[in-house]
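Let me begin by presenting the structure, written as structure tokens, before commenting on it.
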Amino acid sequence: MSSEDGLANTIGLTGYAVDSTGIGGVLKARVADFRVDEISTKISLDPRGRFTAANITLTNWETNRFIGKLAKACGISRNRIFFAGTKDKRAVTRQVFIIDAPQKKVAQVEIPDVEIEILGRTHQKIGFGNHKGNRFTIVARGCCHPDGSPMTNSEAMDKIAEIESAMKEKLGPSLFPNWIGPQRFGAGRPVTPVVGRHVIAEDWEGAVMAYLSMEGDENEDVSIFRKHIRDNGISNEALEMAPQWLGYEKGMLRHILENPDDWVGAFRKLPNNLQLMTVHALQSVVFNKTIEARIDNDISLSSPVVGDIVGRIDDNGQLETSSIVTVEERTLERISRNCKLGRLAVTAQLPGSKMEKPNGKFGAIESGVLSEMGLADTTWQVERISRLTTKGTRRPTVTTFSDFQYEPVPVAGEETMGDKWSQGPNDGELWNPDGACIRFRFTLPSGSYATTLLREFMRTPLHQL
């Protein structure tokens, strides 16, 4: 495997919980290989409710683009559709949506690769993170040794057990580092943190141009379009070249062509949640780099040291940010005991204007990460779009995984696998079509990433996840 993984370096996802080799392999070789079932909070149904509640199954849909399609089909603004979290695109996902539209109208919607199950009417909205967690069923195909030779089923199973045991010894039972996964940043094109850096600097032209033109792992038509903008700037020709499905990019281009120099207006053509995601993505890079720095400094992720900030973990595995406290010498033993019991967790920075900061060695590490990223003097205040200002918060350094199972499954027929599989691995990739196929099943709390858990077992370049 190539030691250089540009995507991993960009998003700060380059460390591991324990030293080991992995099983290699590829996720999402088939869309059906990656299934996500949301564990929803209880929806109170009422026939007189304003909203329609529905369980919706998406196959190979990016959540934001589906929301746009559903809104158009229902004749409403996309801001009148509510959901608890974005899911993986190349996957089969099932989750609850609350739609501010008549039940009959929602039931009549027909969109390819979308199944809509009406639950009923409700007065209740849901917001981001308002779910208990997600159940995953994921197949890793083409497992191999570090030299690329195929792994047998028993070799892959033994390696998974070895890594699980090492993580248990180092972090505690059923814990792994709470990395923020690649889908938060735009898998294949980690553009959101790049745009977010421009946003917090109020460089709106830079934000728009980065979103339009940054290179990524995309199809040829999109790559040609983005290169044209990098080489020639905004033009009618660029608008004509934009593939039909790049709706956000087309909206930005039209706005600038009609309103030259109104870069803030062009940025606002992105959905509100995507605008906010750019700032959150930059915070997330800081978090990932902070986790890695703590590991590199040989400080435990799951056991506190003096100066750490810890917080209570609720019944759904979420941090209660109102409960955070700084660890002192006199409280270290008690807090350590509660961290071991899973009642408390050590936290790391998602930086902002008013975030509480740790003391001691880890405080210096957090400050050092911000300095290395050129963010030490950032205020995180965004005057032109004030809702993008962030106070910052803390995030646990470890998270739980439960109901963890893994088993071999048969190799799928090559005719079902697509062109990439039949072409075989490229240079720097770590998989072998003759290797074992392992199906993982597990449950994660809201806000934790399946790809970052499986990354601990696979040890492959991120684009294989």
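Here's how to read the names in the structure tokens: chain A, B, ... by the order shown, residue numbers from 1 in each chain, ligand numbers from 1 in the order shown.
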message: Among stretch 19-199 of chain A, which ones does DSSP assign to strand (DSSP E) (computed from the backbone)? Answer as a PyMOL selection string.
response: chain A and resi 24-26+34-40+51-59+81-83+92-99+114-122+131-143+175-177
If you take only C-alpha atoms and a cut-off of 12 Å, which residues of stretch 84-180 of chain A touch stretch 335-356 of chain A, and what are their nearest atom pairs and distances in Å to one decimal, in chain and number order, as JSON lines?
```
{"residue": "A:Lys168", "atom": "CA", "partner": "A:Lys340", "partner_atom": "CA", "distance": 11.8}
{"residue": "A:Lys170", "atom": "CA", "partner": "A:Lys340", "partner_atom": "CA", "distance": 11.8}
{"residue": "A:Leu171", "atom": "CA", "partner": "A:Lys340", "partner_atom": "CA", "distance": 9.2}
{"residue": "A:Gly172", "atom": "CA", "partner": "A:Lys340", "partner_atom": "CA", "distance": 7.4}
{"residue": "A:Pro173", "atom": "CA", "partner": "A:Lys340", "partner_atom": "CA", "distance": 9.3}
{"residue": "A:Ser174", "atom": "CA", "partner": "A:Gly342", "partner_atom": "CA", "distance": 10.5}
{"residue": "A:Leu175", "atom": "CA", "partner": "A:Gly342", "partner_atom": "CA", "distance": 9.7}
{"residue": "A:Pro177", "atom": "CA", "partner": "A:Val346", "partner_atom": "CA", "distance": 11.1}
{"residue": "A:Asn178", "atom": "CA", "partner": "A:Thr347", "partner_atom": "CA", "distance": 9.9}
{"residue": "A:Trp179", "atom": "CA", "partner": "A:Ala348", "partner_atom": "CA", "distance": 10.8}
{"residue": "A:Ile180", "atom": "CA", "partner": "A:Leu350", "partner_atom": "CA", "distance": 11.0}
```
Which polymer residues have any atom within 10 Å of an atom of stretch 111-126 of chain A, counting only C-alpha atoms, with same-chain residues fewer than 5 positions away left out, as a PDB file with C-alpha atoms, in the first residue's frame?
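Saved file part-v2.pdb follows:
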```pdb
ATOM      1  CA  SER A  40     -35.030   6.311  15.195  1.00  0.00           C
ATOM      2  CA  THR A  41     -36.324   8.097  18.237  1.00  0.00           C
ATOM      3  CA  ILE A  43     -42.294   9.455  16.571  1.00  0.00           C
ATOM      4  CA  SER A  44     -45.626  10.365  18.220  1.00  0.00           C
ATOM      5  CA  LEU A  45     -48.307   9.940  15.558  1.00  0.00           C
ATOM      6  CA  ASP A  46     -51.537  11.968  15.515  1.00  0.00           C
ATOM      7  CA  PRO A  47     -54.104  11.927  12.661  1.00  0.00           C
ATOM      8  CA  ARG A  48     -54.436  15.716  13.106  1.00  0.00           C
ATOM      9  CA  GLY A  49     -50.687  16.299  12.856  1.00  0.00           C
ATOM     10  CA  ARG A  50     -49.331  18.865  10.394  1.00  0.00           C
ATOM     11  CA  PHE A  51     -46.448  16.717   9.098  1.00  0.00           C
ATOM     12  CA  THR A  52     -46.188  13.380   7.282  1.00  0.00           C
ATOM     13  CA  ALA A  53     -43.809  10.846   8.836  1.00  0.00           C
ATOM     14  CA  ALA A  54     -42.283   8.249   6.528  1.00  0.00           C
ATOM     15  CA  ASN A  55     -39.663   5.518   6.610  1.00  0.00           C
ATOM     16  CA  ILE A  56     -37.745   5.944   3.351  1.00  0.00           C
ATOM     17  CA  THR A  57     -35.289   3.468   1.850  1.00  0.00           C
ATOM     18  CA  LEU A  58     -32.758   4.943  -0.585  1.00  0.00           C
ATOM     19  CA  THR A  59     -30.510   2.947  -2.897  1.00  0.00           C
ATOM     20  CA  ASN A  60     -27.403   4.809  -4.105  1.00  0.00           C
ATOM     21  CA  TRP A  61     -28.767   8.283  -3.262  1.00  0.00           C
ATOM     22  CA  PHE A  66     -32.693  13.186  -2.604  1.00  0.00           C
ATOM     23  CA  LYS A  69     -35.956  15.654  -5.556  1.00  0.00           C
ATOM     24  CA  LEU A  70     -38.513  14.901  -2.837  1.00  0.00           C
ATOM     25  CA  ALA A  73     -42.108  16.162  -6.143  1.00  0.00           C
ATOM     26  CA  ARG A  80     -39.738  21.786   4.964  1.00  0.00           C
ATOM     27  CA  ILE A  81     -38.239  18.288   5.037  1.00  0.00           C
ATOM     28  CA  PHE A  82     -36.652  17.162   8.309  1.00  0.00           C
ATOM     29  CA  PHE A  83     -34.310  14.240   9.010  1.00  0.00           C
ATOM     30  CA  ALA A  84     -31.832  13.133  11.651  1.00  0.00           C
ATOM     31  CA  GLY A  85     -28.674  12.670   9.604  1.00  0.00           C
ATOM     32  CA  VAL A  92     -28.926   1.049   0.874  1.00  0.00           C
ATOM     33  CA  THR A  93     -30.161   3.315   3.678  1.00  0.00           C
ATOM     34  CA  ARG A  94     -33.384   3.383   5.661  1.00  0.00           C
ATOM     35  CA  VAL A  96     -37.263   8.489   9.010  1.00  0.00           C
ATOM     36  CA  PHE A  97     -38.151  11.713   7.198  1.00  0.00           C
ATOM     37  CA  ILE A  98     -40.686  14.273   8.437  1.00  0.00           C
ATOM     38  CA  ILE A  99     -42.287  16.083   5.500  1.00  0.00           C
ATOM     39  CA  ASP A 100     -44.393  19.241   5.692  1.00  0.00           C
ATOM     40  CA  ALA A 101     -46.795  18.075   2.976  1.00  0.00           C
ATOM     41  CA  PRO A 102     -50.105  16.174   2.793  1.00  0.00           C
ATOM     42  CA  GLN A 103     -49.820  12.461   3.440  1.00  0.00           C
ATOM     43  CA  LYS A 104     -51.601  11.614   0.186  1.00  0.00           C
ATOM     44  CA  VAL A 106     -46.128  12.060  -0.221  1.00  0.00           C
ATOM     45  CA  HIS A 131     -31.806   9.447  16.426  1.00  0.00           C
TER      46      HIS A 131
END
```
- prompt: Pick the closest to A:Thr416 from A:Arg226, A:Arg141, A:Arg30, A:His198: which is it, counting only C-alpha atoms?
  reply: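 Counting only C-alpha atoms, the residue closest to A:Thr416 is A:Arg30.
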- request: Run DSSP on the backbone of this structure and report the residues of stretch 37-74 of chain A it assigns to alpha helix (DSSP H), as an MDAnalysis selection string.
  value: chainID A and resid 63:74
Since we have the selection now, will you write its residues out, keeping N, CA and C atoms, as a short mmCIF file (atom, residue, chain, number, x, y, z; two decimals), in the first residue's frame?
```cif
data_model
loop_
_atom_site.label_atom_id
_atom_site.label_comp_id
_atom_site.auth_asym_id
_atom_site.auth_seq_id
_atom_site.Cartn_x
_atom_site.Cartn_y
_atom_site.Cartn_z
N THR A 63 -27.96 12.01 0.27
CA THR A 63 -29.13 12.49 1.02
C THR A 63 -29.58 13.88 0.58
N ASN A 64 -28.66 14.83 0.44
CA ASN A 64 -29.05 16.19 0.08
C ASN A 64 -29.72 16.24 -1.28
N ARG A 65 -29.22 15.46 -2.24
CA ARG A 65 -29.82 15.48 -3.57
C ARG A 65 -31.19 14.82 -3.56
N PHE A 66 -31.36 13.78 -2.74
CA PHE A 66 -32.69 13.19 -2.60
C PHE A 66 -33.68 14.19 -2.02
N ILE A 67 -33.25 14.94 -1.01
CA ILE A 67 -34.14 15.94 -0.39
C ILE A 67 -34.64 16.91 -1.46
N GLY A 68 -33.75 17.34 -2.34
CA GLY A 68 -34.16 18.24 -3.42
C GLY A 68 -35.19 17.63 -4.34
N LYS A 69 -35.00 16.36 -4.69
CA LYS A 69 -35.96 15.65 -5.56
C LYS A 69 -37.30 15.49 -4.86
N LEU A 70 -37.27 15.11 -3.59
CA LEU A 70 -38.51 14.90 -2.84
C LEU A 70 -39.27 16.21 -2.68
N ALA A 71 -38.55 17.28 -2.38
CA ALA A 71 -39.19 18.59 -2.22
C ALA A 71 -39.88 19.01 -3.52
N LYS A 72 -39.21 18.81 -4.63
CA LYS A 72 -39.79 19.18 -5.93
C LYS A 72 -41.04 18.34 -6.21
N ALA A 73 -40.96 17.04 -5.90
CA ALA A 73 -42.11 16.16 -6.14
C ALA A 73 -43.30 16.53 -5.28
N CYS A 74 -43.04 17.04 -4.07
CA CYS A 74 -44.12 17.43 -3.15
C CYS A 74 -44.56 18.88 -3.34
#
```
- request: For atom CA of A:Gly435 and atom CA of A:Gly181, determine how far apart the two atoms are, in Å to one decimal place.
  value: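 So the two atoms, atom CA of A:Gly435 and atom CA of A:Gly181, lie 25.3 Å apart.
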field: Given only C-alpha atoms as the counted atoms, nearest of A:Gly196, A:Pro425, A:Gly6, A:Pro445 to A:Ile313
entry: A:Pro445
field: For A:Met252: contacts at 8 Å, only C-alpha atoms, fewer than 5 positions along chain excluded, given as a ChimeraX atom specification
entry: /A:208,266-267,269-270
